[in-house]
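**Q** Below you'll find data.txt; it's compact mmCIF, C-alpha atoms.
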# COMPACT_ATOMS: atom_id res chain seq x y z
CA MET A 1 106.49 74.14 93.12
CA GLY A 2 105.32 77.06 90.96
CA GLY A 3 101.83 75.72 90.19
CA CYS A 4 98.47 77.14 91.15
CA ALA A 5 96.51 74.24 92.64
CA SER A 6 93.49 75.12 94.78
CA VAL A 7 93.71 74.31 98.46
CA LYS A 8 91.07 74.80 101.16
CA GLN A 9 91.72 77.75 103.48
CA ASP A 10 91.24 77.09 107.17
CA ASP A 11 91.47 80.70 108.35
CA LEU A 12 88.83 82.28 106.12
CA ALA A 13 86.82 84.94 107.92
CA ASP A 14 83.99 87.00 106.45
CA GLY A 15 84.85 86.06 102.88
CA GLY A 16 88.56 86.71 103.30
CA VAL A 17 91.39 85.87 105.64
CA THR A 18 92.01 87.09 109.14
CA LYS A 19 93.73 90.46 109.32
CA ALA A 20 96.62 89.06 111.34
CA SER A 21 97.27 86.15 108.97
CA PHE A 22 96.94 88.29 105.81
CA GLU A 23 99.24 91.02 107.12
CA ALA A 24 101.75 88.47 108.41
CA LEU A 25 101.78 86.67 105.07
CA LEU A 26 102.29 89.92 103.14
CA ALA A 27 105.05 90.95 105.57
CA ARG A 28 107.09 87.81 104.79
CA THR A 29 106.37 87.68 101.04
CA ARG A 30 109.23 88.56 98.72
CA VAL A 31 108.39 90.19 95.40
CA ILE A 32 110.18 91.36 92.29
CA HIS A 33 109.41 95.06 91.89
CA ASN A 34 111.21 97.55 89.66
CA ASN A 35 113.71 94.78 88.79
CA LYS A 36 114.67 94.28 92.44
CA GLU A 37 113.75 91.68 95.03
CA VAL A 38 112.08 93.38 97.99
CA MET A 39 109.64 92.48 100.73
CA ALA A 40 105.99 93.00 99.64
CA THR A 41 105.59 95.61 102.37
CA VAL A 42 107.71 98.02 100.27
CA PRO A 43 105.34 98.38 97.27
CA LEU A 44 102.32 97.86 99.57
CA LYS A 45 103.14 100.81 101.85
CA GLY A 46 100.01 102.97 102.08
CA ILE A 47 97.99 100.54 99.96
CA GLU A 48 94.39 99.86 101.04
CA THR A 49 93.18 97.50 98.29
CA ILE A 50 95.18 94.53 96.98
CA GLY A 51 94.52 92.41 93.92
CA LEU A 52 96.00 88.91 93.84
CA PHE A 53 96.41 87.94 90.18
CA CYS A 54 97.06 84.31 89.18
CA SER A 55 98.19 83.82 85.59
CA ALA A 56 100.72 82.01 83.37
CA HIS A 57 102.37 82.62 80.01
CA TRP A 58 101.31 79.21 78.64
CA CYS A 59 97.59 79.94 79.22
CA PRO A 60 95.81 81.46 76.16
CA PRO A 61 93.05 83.17 78.22
CA CYS A 62 95.78 84.62 80.46
CA ARG A 63 97.72 85.99 77.49
CA LYS A 64 94.50 87.64 76.32
CA PHE A 65 93.54 89.12 79.71
CA THR A 66 96.99 90.26 80.93
CA PRO A 67 97.31 93.23 78.50
CA VAL A 68 93.76 94.30 79.41
CA LEU A 69 94.67 94.16 83.11
CA ALA A 70 97.92 96.05 82.49
CA ASP A 71 96.03 98.89 80.77
CA PHE A 72 93.37 98.87 83.51
CA TYR A 73 96.06 99.00 86.19
CA VAL A 74 97.72 102.09 84.72
CA GLU A 75 94.37 103.89 84.39
CA TYR A 76 93.00 102.76 87.77
CA LYS A 77 96.16 103.70 89.71
CA LYS A 78 95.59 107.29 88.55
CA LEU A 79 92.10 107.16 90.10
CA ASP A 80 93.06 105.18 93.20
CA PRO A 81 96.76 105.29 94.09
CA LYS A 82 96.03 103.15 97.19
CA PHE A 83 95.44 100.09 94.96
CA GLU A 84 98.06 97.47 94.10
CA ILE A 85 98.22 94.10 92.37
CA ILE A 86 100.55 91.24 93.22
CA PHE A 87 101.17 88.84 90.34
CA LEU A 88 101.20 85.17 91.39
CA SER A 89 102.81 83.18 88.61
CA CYS A 90 101.44 79.78 87.71
CA ASP A 91 104.31 79.23 85.29
CA LYS A 92 106.41 76.10 85.43
CA ASN A 93 109.71 77.84 86.20
CA GLU A 94 111.20 81.17 87.19
CA ALA A 95 112.52 82.00 83.70
CA GLU A 96 109.00 81.71 82.25
CA MET A 97 107.64 83.88 85.06
CA LEU A 98 110.26 86.59 84.57
CA ASP A 99 109.66 86.65 80.82
CA TYR A 100 105.89 86.89 81.35
CA CYS A 101 106.34 89.67 83.94
CA LYS A 102 107.73 91.88 81.16
CA LYS A 103 104.26 91.87 79.59
CA HIS A 104 102.63 93.14 82.80
CA ALA A 105 102.32 96.66 84.10
CA ASP A 106 104.80 97.53 86.83
CA TYR A 107 102.97 95.73 89.63
CA PRO A 108 105.00 93.43 91.88
CA CYS A 109 105.46 89.73 91.11
CA ALA A 110 105.66 87.31 94.06
CA LYS A 111 109.01 85.53 94.11
CA PHE A 112 108.73 82.23 92.25
CA GLY A 113 108.64 78.95 94.16
CA THR A 114 108.25 80.39 97.65
CA VAL A 115 105.95 79.10 100.36
CA GLU A 116 104.46 82.60 100.67
CA LYS A 117 103.52 82.73 96.98
CA LYS A 118 101.82 79.36 97.33
CA GLU A 119 99.92 80.58 100.40
CA LEU A 120 98.71 83.65 98.49
CA VAL A 121 97.57 81.39 95.63
CA ASP A 122 95.76 79.23 98.18
CA ILE A 123 93.92 82.32 99.46
CA VAL A 124 92.72 83.11 95.93
CA ASN A 125 91.49 79.49 95.69
CA ALA A 126 90.75 79.89 91.98
CA LYS A 127 89.10 77.18 89.92
CA GLY A 128 91.18 78.24 86.92
CA ILE A 129 93.34 81.00 85.52
CA PRO A 130 93.47 83.86 84.90
CA ALA A 131 92.05 84.74 88.30
CA LEU A 132 91.95 88.10 90.06
CA SER A 133 90.67 88.36 93.62
CA ILE A 134 90.49 91.74 95.33
CA PHE A 135 91.03 92.17 99.08
CA ARG A 136 91.04 95.04 101.51
CA ARG A 137 94.32 95.47 103.34
CA ASP A 138 92.72 93.83 106.39
CA GLY A 139 92.16 90.59 104.43
CA LYS A 140 88.43 91.07 103.73
CA LEU A 141 87.57 89.66 100.32
CA LEU A 142 85.86 92.27 98.12
CA THR A 143 85.45 90.07 95.04
CA LYS A 144 86.71 86.80 93.63
CA ASP A 145 85.66 88.05 90.18
CA GLY A 146 88.05 90.94 89.72
CA ARG A 147 88.47 89.87 86.13
CA GLU A 148 84.85 90.76 85.33
CA LYS A 149 85.18 94.07 87.18
CA VAL A 150 88.33 94.93 85.20
CA MET A 151 86.43 94.34 81.96
CA SER A 152 83.93 97.05 83.01
CA GLY A 153 86.74 99.64 83.01
CA ALA A 154 88.69 101.67 85.55
CA ALA A 155 86.22 104.55 85.73
CA GLU A 156 83.30 102.18 86.40
CA VAL A 157 85.18 100.26 89.11
CA HIS A 158 86.25 103.52 90.75
CA LYS A 159 82.63 104.72 90.68
CA THR A 160 80.93 101.51 91.87
CA GLY A 161 83.67 99.82 93.90
CA TRP A 162 85.04 96.30 93.82
CA ASN A 163 82.16 94.51 95.58
Here is a file; write its structure as structure tokens.

**A**
Amino acid sequence: MGGCASVKQDDLADGGVTKASFEALLARTRVIHNNKEVMATVPLKGIETIGLFCSAHWCPPCRKFTPVLADFYVEYKKLDPKFEIIFLSCDKNEAEMLDYCKKHADYPCAKFGTVEKKELVDIVNAKGIPALSIFRRDGKLLTKDGREKVMSGAAEVHKTGWN
């Protein structure tokens, strides 16, 4: 139940998801944030741009990219405090996910094995991991290739934007 299989989205609109469906999904998603389980709306309060990050501890490219993303996140949050990432674990069980979360920055991790986490993974619709898709709060997809943007650095992304 924790996997990251791609599924077709039936409510895609303008390269994203409908505002109502995206907001409703985020409103019912539980995340681990600051070592507590909370609703995603808590760490997403005031956030305008959301990254959905699919990764797993068993994946060598993920283990290579995750520290880069963690450093980027810390630097980028200083430039744009209205940005947040939600980690969507593709690990095989919750213990693996929680261990891997320790290697991340302090962004929220979607609760393992929930329908909502699976729906968020389905929205990303990645062909492989690691995958980072960036959305506006209203569900509009800015880029499916957030990974490439992250590699260009926080200052460059802040200057040129996500799309």

**Q** How close does stretch 68-149 of chain A get to stretch 153-159 of chain A? List, as a tab-separated table, each residue of stretch 68-149 of chain A within 7 Å, its nearest atom pair and the distance in Å to one decimal, counting only C-alpha atoms.

**A**
residue	atom	partner	partner_atom	distance
A:Phe72	CA	A:Ala154	CA	5.8
A:Glu75	CA	A:Ala154	CA	6.2
A:Tyr76	CA	A:Ala154	CA	5.0
A:Leu79	CA	A:His158	CA	6.9
A:Lys149	CA	A:Val157	CA	6.5

**Q** With C-alpha atoms retained, write the just-selected residues as an mmCIF file, in the frame of the given file.

**A**
data_model
loop_
_atom_site.group_PDB
_atom_site.id
_atom_site.type_symbol
_atom_site.label_atom_id
_atom_site.label_comp_id
_atom_site.auth_asym_id
_atom_site.auth_seq_id
_atom_site.Cartn_x
_atom_site.Cartn_y
_atom_site.Cartn_z
ATOM 1 C CA PHE A 72 93.370 98.870 83.510
ATOM 2 C CA GLU A 75 94.370 103.890 84.390
ATOM 3 C CA TYR A 76 93.000 102.760 87.770
ATOM 4 C CA LEU A 79 92.100 107.160 90.100
ATOM 5 C CA LYS A 149 85.180 94.070 87.180
#

**Q** So which one's closest to A:Asp145, A:Gly51, A:Leu25, A:Lys103, A:Gly46? Using all atoms listed in the file, please.

**A** A:Gly51

**Q** Find the spatial neighbours of A:Asp99, counting all atoms listed in the file, within a cut-off of 12 Å - ignore same-chain residues fewer than 3 positions away - and output them as a compact mmCIF listing (two decimals) with C-alpha atoms, in the frame of the given file.

**A**
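See out10.txt below for the written result:
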# COMPACT_ATOMS: atom_id res chain seq x y z
CA ALA A 56 100.72 82.01 83.37
CA HIS A 57 102.37 82.62 80.01
CA TRP A 58 101.31 79.21 78.64
CA SER A 89 102.81 83.18 88.61
CA ASP A 91 104.31 79.23 85.29
CA LYS A 92 106.41 76.10 85.43
CA ASN A 93 109.71 77.84 86.20
CA GLU A 94 111.20 81.17 87.19
CA ALA A 95 112.52 82.00 83.70
CA GLU A 96 109.00 81.71 82.25
CA LYS A 102 107.73 91.88 81.16
CA LYS A 103 104.26 91.87 79.59
CA HIS A 104 102.63 93.14 82.80
CA CYS A 109 105.46 89.73 91.11

**Q** List every protein, DNA or RNA residue that has at least one atom no more than 6 Å from (101.6, 88.7, 90.0) in the file's coordinates, counting only C-alpha atoms, and write the result as a PyMOL selection string.

**A** chain A and resi 53+86-89+109-110

**Q** Measuring atom to atom with only C-alpha atoms, identify which of A:Ala24, A:Ile134, A:Leu141, A:Ile129 is nearest to A:Phe65.

**A**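 Among A:Ala24, A:Ile134, A:Leu141, A:Ile129, it is A:Ile129 that comes nearest to A:Phe65.
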
**Q** Looking at all atoms listed in the file, which of A:Cys54, A:Thr66, A:Ala105, A:Phe112 is the one that sits closest to A:Lys144?

**A** A:Cys54

**Q** Please determine, counting all atoms listed in the file, which residue among A:Arg137, A:Val17, A:Pro130, A:Asn35 has the shortest atom-to-atom distance to A:Lys64.

**A**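 Counting all atoms listed in the file, the residue closest to A:Lys64 is A:Pro130.
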
**Q** Rounded to one decimal in Å, what is the spacing between atom CA of A:Pro108 and atom CA of A:Ile85?

**A**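 Computing the Euclidean distance for atom CA of A:Pro108 and atom CA of A:Ile85 yields 6.8 Å.
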
**Q** If you measure from atom CA of A:Ala70 to atom CA of A:Ser21, what distance in Å do you get, rounded to one decimal?

**A**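 It comes out at 28.3 Å.
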
**Q** Given only C-alpha atoms as the basis, pick out the residue of A:Asp80, A:Glu23, A:Glu148, A:Glu37 nearest to A:Ser133.

**A** A:Glu148

**Q** Because some atoms of stretch 52-63 of chain A are absent here, can you restore all heavy atoms and send them as a PDB file, keeping the file's coordinate frame?

**A**
ATOM      1  N   LEU A  52      95.119  90.066  94.000  1.00  0.00           N
ATOM      2  CA  LEU A  52      96.000  88.910  93.840  1.00  0.00           C
ATOM      3  C   LEU A  52      95.658  88.287  92.497  1.00  0.00           C
ATOM      4  O   LEU A  52      94.541  87.818  92.286  1.00  0.00           O
ATOM      5  CB  LEU A  52      95.800  87.908  94.987  1.00  0.00           C
ATOM      6  CG  LEU A  52      96.121  88.430  96.390  1.00  0.00           C
ATOM      7  CD1 LEU A  52      95.877  87.338  97.433  1.00  0.00           C
ATOM      8  CD2 LEU A  52      97.550  88.951  96.480  1.00  0.00           C
ATOM      9  N   PHE A  53      96.624  88.332  91.573  1.00  0.00           N
ATOM     10  CA  PHE A  53      96.410  87.940  90.180  1.00  0.00           C
ATOM     11  C   PHE A  53      97.187  86.683  89.855  1.00  0.00           C
ATOM     12  O   PHE A  53      98.415  86.671  89.863  1.00  0.00           O
ATOM     13  CB  PHE A  53      96.836  89.085  89.262  1.00  0.00           C
ATOM     14  CG  PHE A  53      96.758  88.778  87.799  1.00  0.00           C
ATOM     15  CD1 PHE A  53      95.620  88.217  87.236  1.00  0.00           C
ATOM     16  CD2 PHE A  53      97.825  89.072  86.956  1.00  0.00           C
ATOM     17  CE1 PHE A  53      95.548  87.944  85.879  1.00  0.00           C
ATOM     18  CE2 PHE A  53      97.762  88.814  85.600  1.00  0.00           C
ATOM     19  CZ  PHE A  53      96.622  88.246  85.060  1.00  0.00           C
ATOM     20  N   CYS A  54      96.465  85.583  89.574  1.00  0.00           N
ATOM     21  CA  CYS A  54      97.060  84.310  89.180  1.00  0.00           C
ATOM     22  C   CYS A  54      96.985  84.178  87.668  1.00  0.00           C
ATOM     23  O   CYS A  54      95.900  84.308  87.086  1.00  0.00           O
ATOM     24  CB  CYS A  54      96.317  83.142  89.818  1.00  0.00           C
ATOM     25  SG  CYS A  54      96.319  83.144  91.611  1.00  0.00           S
ATOM     26  N   SER A  55      98.131  83.901  87.041  1.00  0.00           N
ATOM     27  CA  SER A  55      98.190  83.820  85.590  1.00  0.00           C
ATOM     28  C   SER A  55      99.452  83.066  85.188  1.00  0.00           C
ATOM     29  O   SER A  55     100.327  82.819  86.017  1.00  0.00           O
ATOM     30  CB  SER A  55      98.207  85.248  85.015  1.00  0.00           C
ATOM     31  OG  SER A  55      98.149  85.247  83.613  1.00  0.00           O
ATOM     32  N   ALA A  56      99.540  82.707  83.902  1.00  0.00           N
ATOM     33  CA  ALA A  56     100.720  82.010  83.370  1.00  0.00           C
ATOM     34  C   ALA A  56     100.871  82.301  81.888  1.00  0.00           C
ATOM     35  O   ALA A  56      99.877  82.472  81.186  1.00  0.00           O
ATOM     36  CB  ALA A  56     100.596  80.507  83.596  1.00  0.00           C
ATOM     37  N   HIS A  57     102.110  82.306  81.424  1.00  0.00           N
ATOM     38  CA  HIS A  57     102.370  82.620  80.010  1.00  0.00           C
ATOM     39  C   HIS A  57     101.822  81.557  79.070  1.00  0.00           C
ATOM     40  O   HIS A  57     101.469  81.848  77.943  1.00  0.00           O
ATOM     41  CB  HIS A  57     103.871  82.830  79.782  1.00  0.00           C
ATOM     42  CG  HIS A  57     104.597  81.562  79.479  1.00  0.00           C
ATOM     43  ND1 HIS A  57     104.933  80.645  80.448  1.00  0.00           N
ATOM     44  CD2 HIS A  57     105.011  81.048  78.296  1.00  0.00           C
ATOM     45  CE1 HIS A  57     105.532  79.625  79.872  1.00  0.00           C
ATOM     46  NE2 HIS A  57     105.602  79.832  78.588  1.00  0.00           N
ATOM     47  N   TRP A  58     101.732  80.309  79.506  1.00  0.00           N
ATOM     48  CA  TRP A  58     101.310  79.210  78.640  1.00  0.00           C
ATOM     49  C   TRP A  58      99.793  79.144  78.472  1.00  0.00           C
ATOM     50  O   TRP A  58      99.284  78.362  77.668  1.00  0.00           O
ATOM     51  CB  TRP A  58     101.808  77.864  79.194  1.00  0.00           C
ATOM     52  CG  TRP A  58     101.508  77.664  80.653  1.00  0.00           C
ATOM     53  CD1 TRP A  58     102.365  77.862  81.701  1.00  0.00           C
ATOM     54  CD2 TRP A  58     100.269  77.240  81.232  1.00  0.00           C
ATOM     55  NE1 TRP A  58     101.730  77.591  82.895  1.00  0.00           N
ATOM     56  CE2 TRP A  58     100.434  77.213  82.630  1.00  0.00           C
ATOM     57  CE3 TRP A  58      99.024  76.877  80.711  1.00  0.00           C
ATOM     58  CZ2 TRP A  58      99.425  76.852  83.510  1.00  0.00           C
ATOM     59  CZ3 TRP A  58      98.015  76.517  81.594  1.00  0.00           C
ATOM     60  CH2 TRP A  58      98.219  76.503  82.964  1.00  0.00           C
ATOM     61  N   CYS A  59      99.052  79.974  79.192  1.00  0.00           N
ATOM     62  CA  CYS A  59      97.590  79.940  79.220  1.00  0.00           C
ATOM     63  C   CYS A  59      97.013  80.961  78.229  1.00  0.00           C
ATOM     64  O   CYS A  59      97.160  82.164  78.448  1.00  0.00           O
ATOM     65  CB  CYS A  59      97.140  80.230  80.652  1.00  0.00           C
ATOM     66  SG  CYS A  59      95.405  80.632  80.843  1.00  0.00           S
ATOM     67  N   PRO A  60      96.354  80.509  77.138  1.00  0.00           N
ATOM     68  CA  PRO A  60      95.810  81.460  76.160  1.00  0.00           C
ATOM     69  C   PRO A  60      94.849  82.501  76.757  1.00  0.00           C
ATOM     70  O   PRO A  60      94.995  83.691  76.450  1.00  0.00           O
ATOM     71  CB  PRO A  60      95.120  80.570  75.116  1.00  0.00           C
ATOM     72  CG  PRO A  60      95.878  79.279  75.194  1.00  0.00           C
ATOM     73  CD  PRO A  60      96.227  79.120  76.660  1.00  0.00           C
ATOM     74  N   PRO A  61      93.899  82.126  77.627  1.00  0.00           N
ATOM     75  CA  PRO A  61      93.050  83.170  78.220  1.00  0.00           C
ATOM     76  C   PRO A  61      93.852  84.181  79.056  1.00  0.00           C
ATOM     77  O   PRO A  61      93.508  85.363  79.108  1.00  0.00           O
ATOM     78  CB  PRO A  61      92.062  82.403  79.091  1.00  0.00           C
ATOM     79  CG  PRO A  61      92.025  81.025  78.513  1.00  0.00           C
ATOM     80  CD  PRO A  61      93.414  80.778  78.006  1.00  0.00           C
ATOM     81  N   CYS A  62      94.926  83.718  79.687  1.00  0.00           N
ATOM     82  CA  CYS A  62      95.780  84.620  80.460  1.00  0.00           C
ATOM     83  C   CYS A  62      96.487  85.607  79.545  1.00  0.00           C
ATOM     84  O   CYS A  62      96.549  86.807  79.847  1.00  0.00           O
ATOM     85  CB  CYS A  62      96.826  83.828  81.253  1.00  0.00           C
ATOM     86  SG  CYS A  62      96.145  82.705  82.487  1.00  0.00           S
ATOM     87  N   ARG A  63      97.021  85.113  78.446  1.00  0.00           N
ATOM     88  CA  ARG A  63      97.720  85.990  77.490  1.00  0.00           C
ATOM     89  C   ARG A  63      96.771  87.029  76.900  1.00  0.00           C
ATOM     90  O   ARG A  63      97.182  88.134  76.562  1.00  0.00           O
ATOM     91  CB  ARG A  63      98.386  85.183  76.392  1.00  0.00           C
ATOM     92  CG  ARG A  63      99.602  84.409  76.880  1.00  0.00           C
ATOM     93  CD  ARG A  63     100.449  83.888  75.729  1.00  0.00           C
ATOM     94  NE  ARG A  63      99.701  83.160  74.735  1.00  0.00           N
ATOM     95  CZ  ARG A  63      99.516  81.849  74.719  1.00  0.00           C
ATOM     96  NH1 ARG A  63     100.011  81.107  75.693  1.00  0.00           N
ATOM     97  NH2 ARG A  63      98.840  81.274  73.763  1.00  0.00           N
TER      98      ARG A  63
END
